[in-house]
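What follows is one structure encoded as structure tokens, with my remarks underneath.
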Amino acid sequence: FIMLAGATTWIAACAGMTALVVRRLSLARLSHSSFLRLFPLFMFRQLVLPCHFDPDVTFASFVAEGDNSRVVEAVASFGSSAAVSLYLWGESGVGKSHLLRAYAGSGSEAVFLDLSQVASLGASGEEGLAGFVSEFGGDGVVLFDGLEGLCGARLVAAVVFHIYNRLKVAGGRLVVSGSGPLAGLDWLLPDLRSRLMAGLSFELRPPGDGVLRAILLKLARDRQVRLSDAVVDYLMVRLPRRVVDVVAAFESLDKAALVEKKPMTVPMAKRVLNL
């Protein structure tokens, strides 16, 4: 999806993609025409749908323990750091996008982009990023999700490098997520990689069973539904050890319970989730 924001308005363009989010940028600094240049006009018109920022995607709502708790604190306090950039890496499903969106929603003037989606647009994505650079003052925060999306997209990587330089000069910040440590990204534009390596870097590790159990219980509390220990134990033994899978399983169970007007039970979990 794509979110464009004025002072109080959010507009999103959705096409089955995790995408571009702009939060609280004034129209004087980031005009609507800049985003029309990011996509062909016919595509843009087909994608625009109303959408709202999710206030539940915050640092406080991110369940973590041990090293991951310290990573959350580091990302949350990045604004007080002297570093220009912060790189957050880890395997898929550990919560990197959550933390980036939490930072975007923490009060800073911020822009969030999914690099894989921008790169997949080819020339349109390059043109859109170039148009963005021409109007972005550089004193805000830019968040790039999915650095691996730049693999094979050297022109987009060059524009990202230019954005980094603009941020550094103007006192802005860059937060980037990726699937692996920077030292192993031999395909990345050397100048961009060296700049990111000069900044902060943290690994977000897969959550342990205690965290996944806590996430299930928190989801149940937030929805004000009862989730028995028997159901939690059943899910913990059978679900993949990824936050996204745990959340998806709960959502499916909650929907089934509402439709059937019954509490969540082990038989229901077995039937609905095919476990």
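Ligands are numbered from 1 in the order shown, chains are lettered A, B, ... in the order of the structure tokens, and residues start at 1 in each chain.
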
Distance query segment 94-110 of chain A at most 8 Å, only C-alpha atoms, self and fewer than 4 positions along chain excluded, as JSON, numbers by chain: {"A": [22, 23, 24, 25, 55, 57, 58, 59, 62, 72, 75, 76, 88, 89, 90, 140, 141, 142, 143, 145, 175, 176, 177, 204, 205, 206, 207, 242, 243, 244]}

Could you write those residues out with N, CA and C atoms, as an mmCIF file, in the first residue's frame?
data_model
loop_
_atom_site.group_PDB
_atom_site.id
_atom_site.type_symbol
_atom_site.label_atom_id
_atom_site.label_comp_id
_atom_site.auth_asym_id
_atom_site.auth_seq_id
_atom_site.Cartn_x
_atom_site.Cartn_y
_atom_site.Cartn_z
ATOM 1 N N VAL A 22 3.957 7.705 3.830
ATOM 2 C CA VAL A 22 4.461 9.025 4.136
ATOM 3 C C VAL A 22 3.643 9.566 5.288
ATOM 4 N N ARG A 23 4.294 9.999 6.342
ATOM 5 C CA ARG A 23 3.594 10.424 7.543
ATOM 6 C C ARG A 23 3.881 11.879 7.860
ATOM 7 N N ARG A 24 2.824 12.662 7.963
ATOM 8 C CA ARG A 24 2.853 14.025 8.454
ATOM 9 C C ARG A 24 3.860 14.894 7.723
ATOM 10 N N LEU A 25 3.962 14.744 6.410
ATOM 11 C CA LEU A 25 4.773 15.656 5.626
ATOM 12 C C LEU A 25 3.850 16.731 5.072
ATOM 13 N N PRO A 55 -2.371 2.909 14.866
ATOM 14 C CA PRO A 55 -1.781 3.382 16.124
ATOM 15 C C PRO A 55 -1.291 2.256 17.015
ATOM 16 N N VAL A 57 0.767 -0.080 16.026
ATOM 17 C CA VAL A 57 2.130 -0.442 15.631
ATOM 18 C C VAL A 57 3.090 0.544 16.285
ATOM 19 N N THR A 58 3.435 0.260 17.530
ATOM 20 C CA THR A 58 4.289 1.143 18.319
ATOM 21 C C THR A 58 5.408 0.330 18.958
ATOM 22 N N PHE A 59 6.341 1.023 19.569
ATOM 23 C CA PHE A 59 7.395 0.323 20.298
ATOM 24 C C PHE A 59 6.810 -0.411 21.499
ATOM 25 N N PHE A 62 5.411 -3.872 20.770
ATOM 26 C CA PHE A 62 6.347 -4.890 20.288
ATOM 27 C C PHE A 62 6.823 -5.715 21.477
ATOM 28 N N VAL A 72 15.132 -2.912 20.510
ATOM 29 C CA VAL A 72 13.959 -2.029 20.483
ATOM 30 C C VAL A 72 14.296 -0.685 21.115
ATOM 31 N N VAL A 75 16.510 1.369 18.692
ATOM 32 C CA VAL A 75 15.770 1.962 17.582
ATOM 33 C C VAL A 75 14.924 3.139 18.078
ATOM 34 N N ALA A 76 14.272 2.949 19.205
ATOM 35 C CA ALA A 76 13.418 4.006 19.756
ATOM 36 C C ALA A 76 14.209 5.257 20.108
ATOM 37 N N LEU A 88 18.873 -2.309 10.598
ATOM 38 C CA LEU A 88 18.253 -3.355 11.407
ATOM 39 C C LEU A 88 18.115 -4.596 10.538
ATOM 40 N N TRP A 89 18.729 -5.708 10.972
ATOM 41 C CA TRP A 89 18.682 -6.895 10.133
ATOM 42 C C TRP A 89 18.242 -8.132 10.907
ATOM 43 N N GLY A 90 17.739 -9.086 10.151
ATOM 44 C CA GLY A 90 17.265 -10.335 10.740
ATOM 45 C C GLY A 90 16.435 -11.083 9.720
ATOM 46 N N GLY A 140 14.309 15.345 7.757
ATOM 47 C CA GLY A 140 13.380 14.436 8.409
ATOM 48 C C GLY A 140 13.992 13.062 8.574
ATOM 49 N N VAL A 141 13.145 12.045 8.546
ATOM 50 C CA VAL A 141 13.586 10.654 8.683
ATOM 51 C C VAL A 141 13.082 9.864 7.491
ATOM 52 N N VAL A 142 13.969 9.088 6.876
ATOM 53 C CA VAL A 142 13.588 8.189 5.787
ATOM 54 C C VAL A 142 13.820 6.765 6.268
ATOM 55 N N LEU A 143 12.824 5.902 6.071
ATOM 56 C CA LEU A 143 12.909 4.510 6.489
ATOM 57 C C LEU A 143 12.742 3.622 5.269
ATOM 58 N N ASP A 145 12.526 -0.194 4.014
ATOM 59 C CA ASP A 145 12.301 -1.575 4.435
ATOM 60 C C ASP A 145 12.736 -2.520 3.315
ATOM 61 N N VAL A 175 16.851 5.059 8.428
ATOM 62 C CA VAL A 175 16.687 3.766 9.079
ATOM 63 C C VAL A 175 16.384 2.746 7.993
ATOM 64 N N VAL A 176 17.174 1.664 7.963
ATOM 65 C CA VAL A 176 17.062 0.667 6.905
ATOM 66 C C VAL A 176 16.957 -0.723 7.523
ATOM 67 N N SER A 177 16.143 -1.576 6.935
ATOM 68 C CA SER A 177 16.078 -2.972 7.373
ATOM 69 C C SER A 177 16.552 -3.881 6.254
ATOM 70 N N LEU A 204 17.986 -8.253 14.864
ATOM 71 C CA LEU A 204 16.753 -8.608 15.558
ATOM 72 C C LEU A 204 16.601 -10.121 15.440
ATOM 73 N N ARG A 205 16.714 -10.815 16.556
ATOM 74 C CA ARG A 205 16.744 -12.278 16.547
ATOM 75 C C ARG A 205 15.329 -12.870 16.563
ATOM 76 N N PRO A 206 15.199 -14.101 16.091
ATOM 77 C CA PRO A 206 13.882 -14.763 16.147
ATOM 78 C C PRO A 206 13.394 -14.847 17.589
ATOM 79 N N PRO A 207 12.101 -14.662 17.806
ATOM 80 C CA PRO A 207 11.571 -14.682 19.171
ATOM 81 C C PRO A 207 11.565 -16.084 19.759
ATOM 82 N N ARG A 242 7.524 -17.900 14.078
ATOM 83 C CA ARG A 242 7.585 -16.561 13.509
ATOM 84 C C ARG A 242 6.393 -15.757 14.009
ATOM 85 N N VAL A 243 6.628 -14.492 14.298
ATOM 86 C CA VAL A 243 5.561 -13.631 14.811
ATOM 87 C C VAL A 243 4.411 -13.562 13.818
ATOM 88 N N VAL A 244 4.732 -13.402 12.532
ATOM 89 C CA VAL A 244 3.672 -13.253 11.534
ATOM 90 C C VAL A 244 2.760 -14.476 11.495
#

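Each of A:Val160, A:Val111, A:Val84, A:Ala220 was compared to Leu174 of chain A using only C-alpha atoms, and A:Val84 turns out to be the nearest.
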
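The space separating atom CA of Ala248 of chain A from atom CA of Ala60 of chain A comes to 20.1 Å.
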
Please return as JSON, numbers by chain: the residues of segment 172-233 of chain A that backbone DSSP assigns to alpha helix (DSSP H). {"A": [190, 191, 192, 193, 194, 195, 196, 197, 209, 210, 211, 212, 213, 214, 215, 216, 217, 218, 219, 220, 221, 222, 223, 229, 230, 231, 232, 233]}

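Between Gly152 of chain A and the candidates A:Leu189, A:Leu167, A:Val247, A:Ala183, the tightest atom-to-atom separation, counting only C-alpha atoms, involves A:Leu189.
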
List as a ChimeraX atom specification the protein and nucleic acid residues near segment 226-229 of chain A, meaning an atom at most 9 Å away when only C-alpha atoms are counted, but skip any in the same chain fewer than 2 places from it. /A:216-217,220-221,223-224,231-234,263-265

Can I get the selected residues back with all heavy atoms, as a short mmCIF file (atom, residue, chain, number, x, y, z; two decimals), in the first residue's frame?
data_model
loop_
_atom_site.label_atom_id
_atom_site.label_comp_id
_atom_site.auth_asym_id
_atom_site.auth_seq_id
_atom_site.Cartn_x
_atom_site.Cartn_y
_atom_site.Cartn_z
N LEU A 216 0.52 -14.14 21.83
CA LEU A 216 -0.81 -14.72 21.75
C LEU A 216 -1.71 -14.19 22.87
O LEU A 216 -2.87 -13.81 22.63
CB LEU A 216 -0.72 -16.24 21.84
CG LEU A 216 -0.36 -16.99 20.56
CD1 LEU A 216 -0.10 -18.47 20.88
CD2 LEU A 216 -1.46 -16.85 19.51
N LEU A 217 -1.19 -14.16 24.08
CA LEU A 217 -1.98 -13.70 25.22
C LEU A 217 -2.31 -12.21 25.11
O LEU A 217 -3.40 -11.77 25.47
CB LEU A 217 -1.23 -14.00 26.52
CG LEU A 217 -1.04 -15.48 26.82
CD1 LEU A 217 -0.19 -15.67 28.07
CD2 LEU A 217 -2.40 -16.18 26.99
N ALA A 220 -5.11 -11.73 22.65
CA ALA A 220 -6.38 -12.10 23.27
C ALA A 220 -6.87 -11.00 24.22
O ALA A 220 -8.06 -10.66 24.24
CB ALA A 220 -6.23 -13.42 24.02
N ARG A 221 -5.96 -10.44 25.02
CA ARG A 221 -6.35 -9.36 25.93
C ARG A 221 -6.83 -8.14 25.16
O ARG A 221 -7.84 -7.51 25.52
CB ARG A 221 -5.16 -8.97 26.82
CG ARG A 221 -4.82 -9.97 27.90
CD ARG A 221 -3.92 -9.32 28.95
NE ARG A 221 -2.72 -8.75 28.35
CZ ARG A 221 -1.59 -9.43 28.16
NH1 ARG A 221 -1.52 -10.71 28.49
NH2 ARG A 221 -0.54 -8.83 27.62
N ARG A 223 -8.23 -8.03 22.31
CA ARG A 223 -9.55 -8.30 21.72
C ARG A 223 -10.60 -8.64 22.77
O ARG A 223 -11.76 -8.84 22.44
CB ARG A 223 -9.45 -9.47 20.73
CG ARG A 223 -8.45 -9.26 19.61
CD ARG A 223 -8.92 -8.24 18.61
NE ARG A 223 -7.92 -8.01 17.60
CZ ARG A 223 -7.76 -8.77 16.50
NH1 ARG A 223 -8.56 -9.81 16.29
NH2 ARG A 223 -6.83 -8.48 15.61
N GLN A 224 -10.14 -8.74 24.02
CA GLN A 224 -11.03 -9.08 25.13
C GLN A 224 -11.72 -10.42 24.90
O GLN A 224 -12.94 -10.56 25.06
CB GLN A 224 -12.06 -7.97 25.35
CG GLN A 224 -11.44 -6.64 25.75
CD GLN A 224 -12.47 -5.57 26.05
OE1 GLN A 224 -13.65 -5.71 25.75
NE2 GLN A 224 -12.02 -4.48 26.65
N VAL A 231 -5.35 -24.14 24.50
CA VAL A 231 -5.25 -23.67 23.12
C VAL A 231 -3.86 -23.09 22.85
O VAL A 231 -3.26 -23.37 21.81
CB VAL A 231 -6.33 -22.61 22.82
CG1 VAL A 231 -6.14 -22.01 21.43
CG2 VAL A 231 -7.73 -23.21 22.94
N VAL A 232 -3.34 -22.32 23.79
CA VAL A 232 -2.01 -21.74 23.63
C VAL A 232 -0.97 -22.84 23.50
O VAL A 232 -0.10 -22.81 22.61
CB VAL A 232 -1.67 -20.81 24.81
CG1 VAL A 232 -0.21 -20.35 24.71
CG2 VAL A 232 -2.60 -19.62 24.83
N ASP A 233 -1.05 -23.85 24.37
CA ASP A 233 -0.10 -24.97 24.32
C ASP A 233 -0.19 -25.71 22.98
O ASP A 233 0.84 -26.09 22.40
CB ASP A 233 -0.36 -25.95 25.47
CG ASP A 233 -0.03 -25.35 26.83
OD1 ASP A 233 0.73 -24.36 26.87
OD2 ASP A 233 -0.54 -25.87 27.84
N TYR A 234 -1.41 -25.91 22.51
CA TYR A 234 -1.62 -26.60 21.24
C TYR A 234 -0.97 -25.83 20.09
O TYR A 234 -0.29 -26.42 19.23
CB TYR A 234 -3.12 -26.77 20.99
CG TYR A 234 -3.46 -27.52 19.74
CD1 TYR A 234 -3.48 -28.91 19.71
CD2 TYR A 234 -3.76 -26.83 18.57
CE1 TYR A 234 -3.80 -29.61 18.55
CE2 TYR A 234 -4.08 -27.51 17.39
CZ TYR A 234 -4.09 -28.90 17.39
OH TYR A 234 -4.39 -29.57 16.24
N PRO A 263 -16.40 -19.96 21.86
CA PRO A 263 -15.04 -19.66 22.34
C PRO A 263 -13.99 -20.43 21.54
O PRO A 263 -14.31 -21.44 20.89
CB PRO A 263 -15.08 -20.13 23.80
CG PRO A 263 -16.12 -21.19 23.82
CD PRO A 263 -17.18 -20.74 22.84
N MET A 264 -12.78 -19.95 21.57
CA MET A 264 -11.69 -20.65 20.90
C MET A 264 -11.37 -21.93 21.67
O MET A 264 -11.18 -21.90 22.88
CB MET A 264 -10.44 -19.77 20.85
CG MET A 264 -10.60 -18.50 20.07
SD MET A 264 -9.05 -17.55 20.05
CE MET A 264 -9.62 -15.99 19.36
N THR A 265 -11.31 -23.03 20.95
CA THR A 265 -11.01 -24.33 21.58
C THR A 265 -9.96 -25.05 20.74
O THR A 265 -9.67 -24.67 19.60
CB THR A 265 -12.26 -25.19 21.66
OG1 THR A 265 -12.74 -25.45 20.33
CG2 THR A 265 -13.36 -24.50 22.48
#

Residue neighbourhood Leu275 of chain A, 9 Å, only C-alpha atoms, exclusion window fewer than 3 positions, as a ChimeraX atom specification: /A:235,238-239,269-272

Mind checking DSSP for segment 173-233 of chain A and telling me the strand (DSSP E or B) residues as a VMD selection string? chain A and resid 173 to 178 200 to 203

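One distance worth recording is that between atom CA of Lys255 of chain A and atom CA of Gly208 of chain A, which is 26.0 Å.
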
Contact residues around Leu150 of chain A with only C-alpha atoms at 7 Å, ignoring same-chain residues under 6 positions, as JSON, numbers by chain: {"A": [115, 116, 119, 156, 157]}

Since we have the selection now, will you write its residues out, keeping N, CA and C atoms, as a compact mmCIF listing (two decimals), in the first residue's frame?
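The result, written out as out.txt:
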# COMPACT_ATOMS: atom_id res chain seq x y z
N LEU A 115 11.63 -1.02 -0.31
CA LEU A 115 12.55 -0.95 -1.45
C LEU A 115 12.27 -2.00 -2.51
N SER A 116 11.82 -3.17 -2.11
CA SER A 116 11.55 -4.21 -3.10
C SER A 116 10.43 -3.79 -4.04
N ALA A 119 11.89 -0.94 -6.34
CA ALA A 119 12.79 -1.49 -7.34
C ALA A 119 12.02 -2.28 -8.40
N VAL A 156 18.44 2.40 -8.55
CA VAL A 156 17.68 2.71 -7.35
C VAL A 156 18.64 2.84 -6.16
N ALA A 157 19.64 1.95 -6.08
CA ALA A 157 20.63 2.03 -5.01
C ALA A 157 21.38 3.35 -5.06

Selected residue of minimal separation from Leu273 of chain A among A:His162, A:Ser69, A:Ser194, A:Ala249, counting only C-alpha atoms: A:Ala249
